[in-house]
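Undergrad: As input, take run16.cif (mmCIF, C-alpha atoms):
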data_data
#
loop_
_atom_site.label_atom_id
_atom_site.label_comp_id
_atom_site.auth_asym_id
_atom_site.auth_seq_id
_atom_site.Cartn_x
_atom_site.Cartn_y
_atom_site.Cartn_z
CA MET G 1 46.11 64.08 -64.43
CA ARG G 2 45.62 60.66 -65.77
CA LEU G 3 42.34 58.80 -65.16
CA THR G 4 43.97 56.07 -63.07
CA HIS G 5 45.50 58.66 -60.75
CA LEU G 6 42.06 60.24 -60.26
CA PHE G 7 40.56 56.85 -59.41
CA PHE G 8 43.13 56.09 -56.69
CA LEU G 9 42.78 59.57 -55.23
CA LEU G 10 39.03 59.05 -55.00
CA ILE G 11 39.45 55.71 -53.21
CA PHE G 12 41.94 57.27 -50.78
CA PHE G 13 39.55 60.14 -50.08
CA VAL G 14 36.62 57.81 -49.37
CA PHE G 15 38.51 55.51 -46.96
CA SER G 16 40.33 58.34 -45.21
CA ASN G 17 37.01 59.93 -44.32
CA CYS G 18 35.41 56.72 -43.04
CA LYS G 19 35.43 56.28 -39.28
CA GLU G 20 35.40 52.88 -37.68
CA GLN G 21 32.06 52.20 -36.13
CA ASN G 22 31.57 49.52 -33.51
CA SER G 23 28.12 48.01 -32.86
CA TYR G 24 27.22 46.70 -29.43
CA LEU G 25 24.17 44.75 -28.30
CA THR G 26 22.62 46.90 -25.59
CA LYS G 27 19.17 45.39 -25.06
CA ILE G 28 17.15 42.25 -25.73
CA GLU G 29 13.40 42.34 -25.52
CA GLY G 30 11.12 39.31 -25.40
CA LYS G 31 7.51 38.52 -24.79
CA HIS G 32 6.09 35.53 -22.92
CA ILE G 33 3.20 34.03 -24.86
CA VAL G 34 1.17 31.61 -22.75
CA ILE G 35 -0.44 28.73 -24.66
CA THR G 36 -3.87 28.01 -23.17
CA ASP G 37 -7.25 26.71 -24.27
CA SER G 38 -8.32 30.32 -24.73
CA LEU G 39 -6.22 30.64 -27.90
CA THR G 40 -8.33 30.69 -31.02
CA LYS G 41 -8.13 27.49 -33.04
CA ASN G 42 -7.51 27.56 -36.74
CA LYS G 43 -10.61 25.92 -38.19
CA GLU G 44 -8.90 25.00 -41.45
CA VAL G 45 -6.11 23.20 -39.61
CA GLU G 46 -8.57 21.54 -37.20
CA ASP G 47 -10.73 20.27 -40.07
CA PHE G 48 -7.64 18.81 -41.74
CA ILE G 49 -6.41 17.06 -38.57
CA LYS G 50 -9.80 15.81 -37.32
CA PRO G 51 -10.11 12.61 -39.41
CA PHE G 52 -6.54 11.56 -38.56
CA ARG G 53 -7.12 12.19 -34.83
CA GLU G 54 -10.37 10.22 -34.88
CA HIS G 55 -8.72 7.31 -36.70
CA ILE G 56 -5.83 7.17 -34.19
CA ASN G 57 -8.16 7.39 -31.17
CA ASN G 58 -10.46 4.68 -32.55
CA ASP G 59 -7.44 2.43 -33.10
CA LEU G 60 -5.99 3.08 -29.63
CA ASP G 61 -9.36 2.56 -27.93
CA SER G 62 -10.08 -0.75 -29.66
CA ILE G 63 -10.56 -3.53 -27.07
CA LEU G 64 -7.99 -6.32 -27.29
CA ALA G 65 -8.57 -8.37 -24.13
CA TYR G 66 -9.98 -8.33 -20.61
CA SER G 67 -8.13 -8.28 -17.27
CA PRO G 68 -9.96 -9.40 -14.10
CA LYS G 69 -7.55 -7.51 -11.82
CA ILE G 70 -5.09 -4.64 -11.60
CA CYS G 71 -1.42 -5.61 -12.00
CA SER G 72 1.42 -3.29 -10.96
CA LYS G 73 5.18 -3.61 -11.11
CA SER G 74 5.29 -2.96 -7.35
CA ASP G 75 3.16 -5.99 -6.49
CA GLY G 76 6.02 -8.47 -6.04
CA GLU G 77 9.50 -8.56 -4.53
CA LEU G 78 11.52 -10.45 -7.16
CA ASN G 79 8.90 -11.11 -9.81
CA THR G 80 5.61 -9.42 -10.64
CA ALA G 81 2.51 -10.48 -12.54
CA ILE G 82 2.80 -7.70 -15.11
CA GLY G 83 6.53 -8.29 -15.55
CA ASN G 84 5.99 -12.01 -16.01
CA PHE G 85 3.31 -11.32 -18.61
CA MET G 86 5.58 -8.97 -20.57
CA ALA G 87 8.56 -11.33 -20.56
CA ASP G 88 6.37 -14.30 -21.51
CA ALA G 89 4.77 -12.25 -24.31
CA VAL G 90 8.19 -11.35 -25.73
CA TYR G 91 9.15 -15.03 -25.63
CA SER G 92 6.00 -16.45 -27.23
CA GLU G 93 5.67 -13.77 -29.90
CA SER G 94 9.36 -13.34 -30.77
CA ASN G 95 10.41 -16.98 -30.82
CA PRO G 96 8.61 -17.90 -34.07
CA ILE G 97 10.29 -14.94 -35.81
CA PHE G 98 13.72 -15.91 -34.50
CA LYS G 99 13.28 -19.60 -35.31
CA SER G 100 12.13 -18.88 -38.87
CA ARG G 101 15.26 -16.82 -39.50
CA THR G 102 17.90 -18.87 -37.67
CA GLY G 103 16.48 -22.34 -37.04
CA ASN G 104 17.16 -21.84 -33.32
CA ASN G 105 14.86 -21.17 -30.39
CA ILE G 106 15.07 -18.36 -27.87
CA ASP G 107 16.27 -19.81 -24.57
CA MET G 108 15.26 -17.03 -22.20
CA VAL G 109 14.08 -13.42 -21.96
CA LEU G 110 15.37 -10.59 -19.79
CA LEU G 111 13.74 -7.14 -19.65
CA ASN G 112 14.05 -4.35 -17.09
CA HIS G 113 11.76 -3.41 -14.21
CA GLY G 114 12.00 0.30 -15.03
CA GLY G 115 10.69 -0.28 -18.54
CA ILE G 116 7.20 -0.97 -17.16
CA ARG G 117 5.64 2.50 -17.17
CA ALA G 118 2.02 1.90 -16.15
CA VAL G 119 -0.25 -0.59 -14.43
CA LEU G 120 -2.31 -3.17 -16.24
CA PRO G 121 -5.83 -2.00 -15.31
CA LYS G 122 -8.83 -4.09 -14.39
CA GLY G 123 -11.43 -4.38 -17.14
CA ASN G 124 -11.17 -4.02 -20.89
CA ILE G 125 -7.60 -3.77 -22.18
CA THR G 126 -7.04 -1.55 -25.22
CA LYS G 127 -4.10 -0.78 -27.45
CA ARG G 128 -3.81 2.53 -25.60
CA GLN G 129 -2.95 0.60 -22.41
CA ALA G 130 -0.19 -1.23 -24.26
CA TYR G 131 1.30 2.13 -25.27
CA GLU G 132 1.06 3.36 -21.68
CA ILE G 133 2.74 0.24 -20.28
CA MET G 134 5.51 0.35 -22.90
CA PRO G 135 5.70 3.86 -24.41
CA PHE G 136 9.26 3.42 -25.70
CA GLU G 137 10.23 2.33 -29.21
CA ASN G 138 12.45 -0.47 -27.89
CA ASN G 139 13.00 -3.40 -30.24
CA VAL G 140 13.58 -7.06 -29.45
CA VAL G 141 17.11 -8.31 -30.05
CA VAL G 142 18.47 -11.79 -29.40
CA VAL G 143 22.01 -12.15 -28.05
CA ALA G 144 24.01 -15.37 -28.21
CA LEU G 145 25.76 -15.85 -24.87
CA LYS G 146 27.90 -18.67 -23.54
CA GLY G 147 26.97 -20.24 -20.21
CA LYS G 148 29.82 -18.44 -18.42
CA GLN G 149 28.34 -15.11 -19.55
CA ILE G 150 24.96 -16.23 -18.26
CA ASP G 151 26.69 -16.40 -14.87
CA ALA G 152 27.29 -12.64 -15.08
CA LEU G 153 23.60 -12.15 -15.90
CA LEU G 154 22.58 -14.23 -12.87
CA ASN G 155 24.94 -12.32 -10.59
CA TYR G 156 23.47 -9.07 -11.85
CA LEU G 157 19.95 -10.23 -10.92
CA LYS G 158 20.92 -11.49 -7.47
CA ASN G 159 22.86 -8.30 -6.67
CA LYS G 160 20.12 -5.95 -7.88
CA LYS G 161 17.39 -7.80 -5.93
CA LYS G 162 14.78 -6.28 -8.23
CA ALA G 163 11.89 -7.76 -10.18
CA HIS G 164 13.40 -7.48 -13.64
CA PRO G 165 11.03 -9.42 -15.93
CA ILE G 166 12.37 -12.82 -16.99
CA SER G 167 10.96 -15.77 -18.91
CA GLN G 168 12.18 -19.39 -19.24
CA LEU G 169 14.81 -18.67 -16.56
CA LYS G 170 14.27 -19.85 -12.99
CA LEU G 171 16.48 -18.37 -10.30
CA THR G 172 16.35 -19.32 -6.61
CA LEU G 173 18.30 -17.41 -3.95
CA ASP G 174 19.03 -18.46 -0.39
CA GLN G 175 18.51 -16.34 2.73
CA SER G 176 21.76 -14.46 2.07
CA TYR G 177 20.82 -13.77 -1.55
CA ASN G 178 23.33 -16.28 -2.86
CA ILE G 179 22.33 -18.32 -5.91
CA LYS G 180 20.95 -21.65 -4.74
CA GLU G 181 19.76 -22.89 -8.14
CA ALA G 182 19.47 -21.56 -11.68
CA THR G 183 17.89 -23.28 -14.68
CA ILE G 184 16.92 -22.35 -18.23
CA LYS G 185 13.87 -24.20 -19.54
CA GLY G 186 14.15 -26.53 -16.56
CA LYS G 187 17.76 -27.55 -17.20
CA LEU G 188 20.96 -26.64 -15.39
CA ILE G 189 23.10 -24.09 -17.21
CA LYS G 190 26.16 -25.47 -19.03
CA LYS G 191 29.27 -23.29 -19.20
CA ASP G 192 30.18 -24.19 -22.80
CA LYS G 193 26.66 -24.04 -24.27
CA THR G 194 25.39 -21.08 -26.31
CA TYR G 195 22.13 -19.58 -25.07
CA TYR G 196 19.95 -17.23 -27.08
CA VAL G 197 18.74 -14.44 -24.81
CA ALA G 198 15.98 -12.10 -25.96
CA THR G 199 16.14 -8.58 -24.57
CA SER G 200 15.68 -4.99 -25.75
CA ASP G 201 18.09 -2.97 -27.85
CA TYR G 202 18.10 -0.47 -24.96
CA LEU G 203 19.46 -3.02 -22.50
CA TYR G 204 21.84 -4.50 -25.06
CA GLY G 205 23.47 -1.06 -25.13
CA GLY G 206 24.46 -1.48 -21.46
CA ASN G 207 21.66 0.56 -19.93
CA ASP G 208 20.49 -0.24 -16.40
CA GLY G 209 24.03 -1.53 -15.86
CA MET G 210 23.50 -4.63 -18.01
CA TYR G 211 27.02 -4.80 -19.42
CA PHE G 212 27.11 -8.60 -19.65
CA PHE G 213 25.66 -8.70 -23.19
CA LYS G 214 29.06 -7.80 -24.65
CA PRO G 215 31.15 -9.47 -25.91
CA ASN G 216 28.90 -12.16 -27.36
CA ASP G 217 28.71 -14.89 -29.99
CA GLY G 218 26.17 -13.10 -32.15
CA LEU G 219 23.43 -10.47 -32.26
CA TYR G 220 20.10 -10.85 -34.05
CA VAL G 221 17.88 -7.79 -34.58
CA LEU G 222 14.27 -8.89 -35.08
CA ASP G 223 12.83 -5.48 -36.11
CA TYR G 224 9.97 -6.21 -33.72
CA LYS G 225 9.00 -3.80 -30.96
CA ILE G 226 8.42 -5.03 -27.43
CA ARG G 227 5.16 -3.08 -27.40
CA ASN G 228 4.00 -4.90 -30.54
CA ALA G 229 4.74 -8.23 -28.87
CA ILE G 230 2.51 -7.19 -25.97
CA ILE G 231 -0.26 -6.06 -28.35
CA ASP G 232 -0.02 -9.29 -30.35
CA LYS G 233 -0.28 -11.29 -27.12
CA PHE G 234 -3.33 -9.28 -26.02
CA ASN G 235 -4.95 -10.00 -29.40
CA LYS G 236 -4.53 -13.76 -28.92
CA LEU G 237 -6.16 -13.84 -25.49
CA ASP G 238 -9.75 -13.23 -24.49
CA THR G 239 -8.98 -12.90 -20.78
CA ILE G 240 -5.50 -12.35 -19.39
CA ASN G 241 -4.64 -13.44 -15.88
CA PRO G 242 -0.92 -12.88 -15.20
CA MET G 243 0.40 -14.28 -11.94
CA ILE G 244 3.33 -13.92 -9.57
CA ASP G 245 5.10 -17.29 -9.54
CA ASP G 246 8.37 -18.95 -8.51
CA ARG G 247 10.56 -18.01 -11.49
CA PHE G 248 12.66 -15.66 -9.32
CA ILE G 249 12.40 -16.16 -5.56
CA GLN G 250 14.33 -16.11 -2.33
CA ILE G 251 13.97 -18.97 0.12
CA LYS G 252 13.56 -17.46 3.60
#
Could I get this file's structure written as structure tokens?

TA:
Amino acid sequence: MRLTHLFFLLIFFVFSNCKEQNSYLTKIEGKHIVITDSLTKNKEVEDFIKPFREHINNDLDSILAYSPKICSKSDGELNTAIGNFMADAVYSESNPIFKSRTGNNIDMVLLNHGGIRAVLPKGNITKRQAYEIMPFENNVVVVALKGKQIDALLNYLKNKKKAHPISQLKLTLDQSYNIKEATIKGKLIKKDKTYYVATSDYLYGGNDGMYFFKPNDGLYVLDYKIRNAIIDKFNKLDTINPMIDDRFIQIK
């Protein structure tokens, strides 16, 4: 018998004697490991992390300003002291950046009530408080909107009846929540004029139902976080005293 014939006979013999075997998963076992303070710490890892943790805590606990009172986002009906402070901080700190890049000024600021995540406490204000008030990595963007699109923004505010933080915009509603008067920087809004509205990239994406930012006449990304604007504003002030005012009110 030739060698090739022997080889094929061997292969046939091997496969003809193999039986198909099926594997089935019959049982899964797991163990619940509870992570508590009783777990032994790894000293080598702790020693490595310690200087970084101390540096971060020292930075976060550094005193930036002083607040004589507690300010909460629930303090006002259509505008709040803490919301006014945040919107004004975004305006004052972002406008120089925008002007240096475009030659234009920001006309108004719109943020969202839900973005305020903590109260402004009474006493020393630290960087940690800024992170608690604005824990998100939202950046300031400036959107170029025509006056007729500003109308959609105003209608959004009057329909929501919520203290969304605004700056440089003054909106007055009548008893039926109809718009009685609206001005930007003290002037009536012109339909054909382009207004530069500072907001967050989160809201520009249509979140909180703010769909009026698109389409637009231009978008400018400042690469500047809202939280950093708040921190920079804290740094410039010795004592902060935000107030509820008449920027968004209803005449009753």

Undergrad: Counting all atoms listed in the file, which of G:Ser200, G:Ser74, G:Asn42, G:Lys252 gets nearest to Gln175 in chain G?

TA: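 Selected residue with least distance to Gln175 in chain G: G:Lys252.
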
Undergrad: Choose the residue, out of G:Lys233, G:Lys127, G:Lys160, G:Lys41, that has the smallest atom-to-atom separation from Asp208 in chain G; count all atoms listed in the file.

TA: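 Checking each of G:Lys233, G:Lys127, G:Lys160, G:Lys41 against Asp208 in chain G, counting all atoms listed in the file, the winner is G:Lys160.
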
Undergrad: Could you state which residues are captured by the PyMOL selection byres ((chain G and resi 246) around 10) in this file, as number ranges by chain?

TA: G: 78-79, 170-172, 243-245, 247-250

Undergrad: Evaluate the PyMOL selection byres ((chain G and resi 108-125) around 8) and record the selected residues as a ChimeraX atom specification, following the chain and residue labels used in the document.

TA: /G:63-73,82-83,87-88,90-91,106-107,126-127,129,132-135,162-169,184-185,195-200,203,208,234

Undergrad: Rank G:Leu157, G:Val34, G:Val140, G:Ala89 by their smallest atom-to-atom distance to Phe212 in chain G, using all atoms listed in the file, and report the top residue only.

TA: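 When distances to Phe212 in chain G are compared using all atoms listed in the file, the smallest one comes from G:Leu157.
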
Undergrad: What's the 10 Å shell around Tyr131 in chain G, counting all atoms listed in the file, without same-chain residues fewer than 5 positions away, as a ChimeraX atom specification?

TA: /G:60,117-118,126,136-137,227-228,230-231

Undergrad: Mind writing the picked residues with C-alpha atoms as a PDB file, in the coordinates of the input?

TA:
ATOM      1  CA  LEU G  60      -5.990   3.080 -29.630  1.00  0.00           C
ATOM      2  CA  ARG G 117       5.640   2.500 -17.170  1.00  0.00           C
ATOM      3  CA  ALA G 118       2.020   1.900 -16.150  1.00  0.00           C
ATOM      4  CA  THR G 126      -7.040  -1.550 -25.220  1.00  0.00           C
ATOM      5  CA  PHE G 136       9.260   3.420 -25.700  1.00  0.00           C
ATOM      6  CA  GLU G 137      10.230   2.330 -29.210  1.00  0.00           C
ATOM      7  CA  ARG G 227       5.160  -3.080 -27.400  1.00  0.00           C
ATOM      8  CA  ASN G 228       4.000  -4.900 -30.540  1.00  0.00           C
ATOM      9  CA  ILE G 230       2.510  -7.190 -25.970  1.00  0.00           C
ATOM     10  CA  ILE G 231      -0.260  -6.060 -28.350  1.00  0.00           C
TER      11      ILE G 231
END

Undergrad: Rounded to one decimal, what separation in Å do you get between CA of Pro242 in chain G and CA of Tyr177 in chain G?

TA: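 Computing it gives 25.7 Å between the two atoms.
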
Undergrad: Between CA of Lys180 in chain G and CA of Asn155 in chain G, what distance in Å does the model show, to one decimal?

TA: 11.7 Å

Undergrad: Could you check how far CA of Leu145 in chain G sits from CA of Asn95 in chain G, in Å to one decimal?

TA: 16.5 Å

Undergrad: For range 173-184 of chain G, supply all heavy atoms and report the output as a short mmCIF file (atom, residue, chain, number, x, y, z; two decimals), in the frame of the given file.

TA:
data_model
loop_
_atom_site.label_atom_id
_atom_site.label_comp_id
_atom_site.auth_asym_id
_atom_site.auth_seq_id
_atom_site.Cartn_x
_atom_site.Cartn_y
_atom_site.Cartn_z
N LEU G 173 17.27 -17.94 -4.84
CA LEU G 173 18.30 -17.41 -3.95
C LEU G 173 18.08 -17.94 -2.54
O LEU G 173 16.94 -18.22 -2.15
CB LEU G 173 18.26 -15.88 -3.94
CG LEU G 173 18.32 -15.17 -5.30
CD1 LEU G 173 18.27 -13.66 -5.09
CD2 LEU G 173 19.58 -15.55 -6.07
N ASP G 174 19.17 -18.06 -1.78
CA ASP G 174 19.03 -18.46 -0.39
C ASP G 174 18.79 -17.24 0.49
O ASP G 174 18.60 -16.12 0.01
CB ASP G 174 20.24 -19.28 0.07
CG ASP G 174 21.54 -18.47 0.07
OD1 ASP G 174 21.48 -17.22 0.05
OD2 ASP G 174 22.62 -19.08 0.09
N GLN G 175 18.82 -17.43 1.80
CA GLN G 175 18.51 -16.34 2.73
C GLN G 175 19.51 -15.18 2.63
O GLN G 175 19.18 -14.04 2.94
CB GLN G 175 18.47 -16.88 4.17
CG GLN G 175 17.31 -17.81 4.43
CD GLN G 175 17.26 -18.29 5.87
OE1 GLN G 175 18.24 -18.15 6.62
NE2 GLN G 175 16.13 -18.86 6.28
N SER G 176 20.72 -15.50 2.19
CA SER G 176 21.76 -14.46 2.07
C SER G 176 21.86 -13.90 0.65
O SER G 176 22.82 -13.23 0.31
CB SER G 176 23.11 -15.04 2.50
OG SER G 176 23.07 -15.51 3.83
N TYR G 177 20.87 -14.21 -0.15
CA TYR G 177 20.82 -13.77 -1.55
C TYR G 177 21.94 -14.37 -2.40
O TYR G 177 22.37 -13.78 -3.39
CB TYR G 177 20.84 -12.23 -1.65
CG TYR G 177 19.53 -11.60 -1.27
CD1 TYR G 177 19.30 -11.16 0.03
CD2 TYR G 177 18.51 -11.43 -2.21
CE1 TYR G 177 18.09 -10.58 0.39
CE2 TYR G 177 17.29 -10.86 -1.86
CZ TYR G 177 17.09 -10.44 -0.56
OH TYR G 177 15.87 -9.87 -0.20
N ASN G 178 22.42 -15.53 -2.01
CA ASN G 178 23.33 -16.28 -2.86
C ASN G 178 22.52 -17.19 -3.78
O ASN G 178 21.41 -17.61 -3.42
CB ASN G 178 24.29 -17.14 -2.01
CG ASN G 178 25.17 -16.29 -1.13
OD1 ASN G 178 25.81 -15.35 -1.60
ND2 ASN G 178 25.21 -16.62 0.16
N ILE G 179 23.06 -17.49 -4.95
CA ILE G 179 22.33 -18.32 -5.91
C ILE G 179 22.31 -19.76 -5.43
O ILE G 179 23.36 -20.39 -5.26
CB ILE G 179 22.97 -18.22 -7.31
CG1 ILE G 179 22.86 -16.79 -7.84
CG2 ILE G 179 22.29 -19.19 -8.28
CD1 ILE G 179 23.58 -16.55 -9.16
N LYS G 180 21.12 -20.27 -5.19
CA LYS G 180 20.95 -21.65 -4.74
C LYS G 180 20.77 -22.57 -5.94
O LYS G 180 21.33 -23.67 -6.00
CB LYS G 180 19.74 -21.75 -3.81
CG LYS G 180 19.48 -23.14 -3.27
CD LYS G 180 18.30 -23.13 -2.32
CE LYS G 180 17.99 -24.53 -1.81
NZ LYS G 180 19.11 -25.07 -1.01
N GLU G 181 19.99 -22.09 -6.94
CA GLU G 181 19.76 -22.89 -8.14
C GLU G 181 19.37 -21.97 -9.29
O GLU G 181 18.67 -20.98 -9.09
CB GLU G 181 18.66 -23.93 -7.92
CG GLU G 181 18.47 -24.88 -9.10
CD GLU G 181 17.39 -25.93 -8.85
OE1 GLU G 181 16.34 -25.57 -8.27
OE2 GLU G 181 17.60 -27.09 -9.23
N ALA G 182 19.83 -22.32 -10.49
CA ALA G 182 19.47 -21.56 -11.68
C ALA G 182 19.29 -22.53 -12.85
O ALA G 182 20.16 -23.36 -13.10
CB ALA G 182 20.54 -20.53 -12.02
N THR G 183 18.16 -22.42 -13.53
CA THR G 183 17.89 -23.28 -14.68
C THR G 183 17.31 -22.46 -15.83
O THR G 183 16.67 -21.43 -15.61
CB THR G 183 16.90 -24.41 -14.32
OG1 THR G 183 15.66 -23.82 -13.89
CG2 THR G 183 17.45 -25.31 -13.24
N ILE G 184 17.55 -22.92 -17.04
CA ILE G 184 16.92 -22.35 -18.23
C ILE G 184 16.10 -23.45 -18.88
O ILE G 184 16.63 -24.52 -19.20
CB ILE G 184 17.97 -21.79 -19.21
CG1 ILE G 184 18.68 -20.57 -18.60
CG2 ILE G 184 17.31 -21.39 -20.54
CD1 ILE G 184 19.76 -19.97 -19.47
#
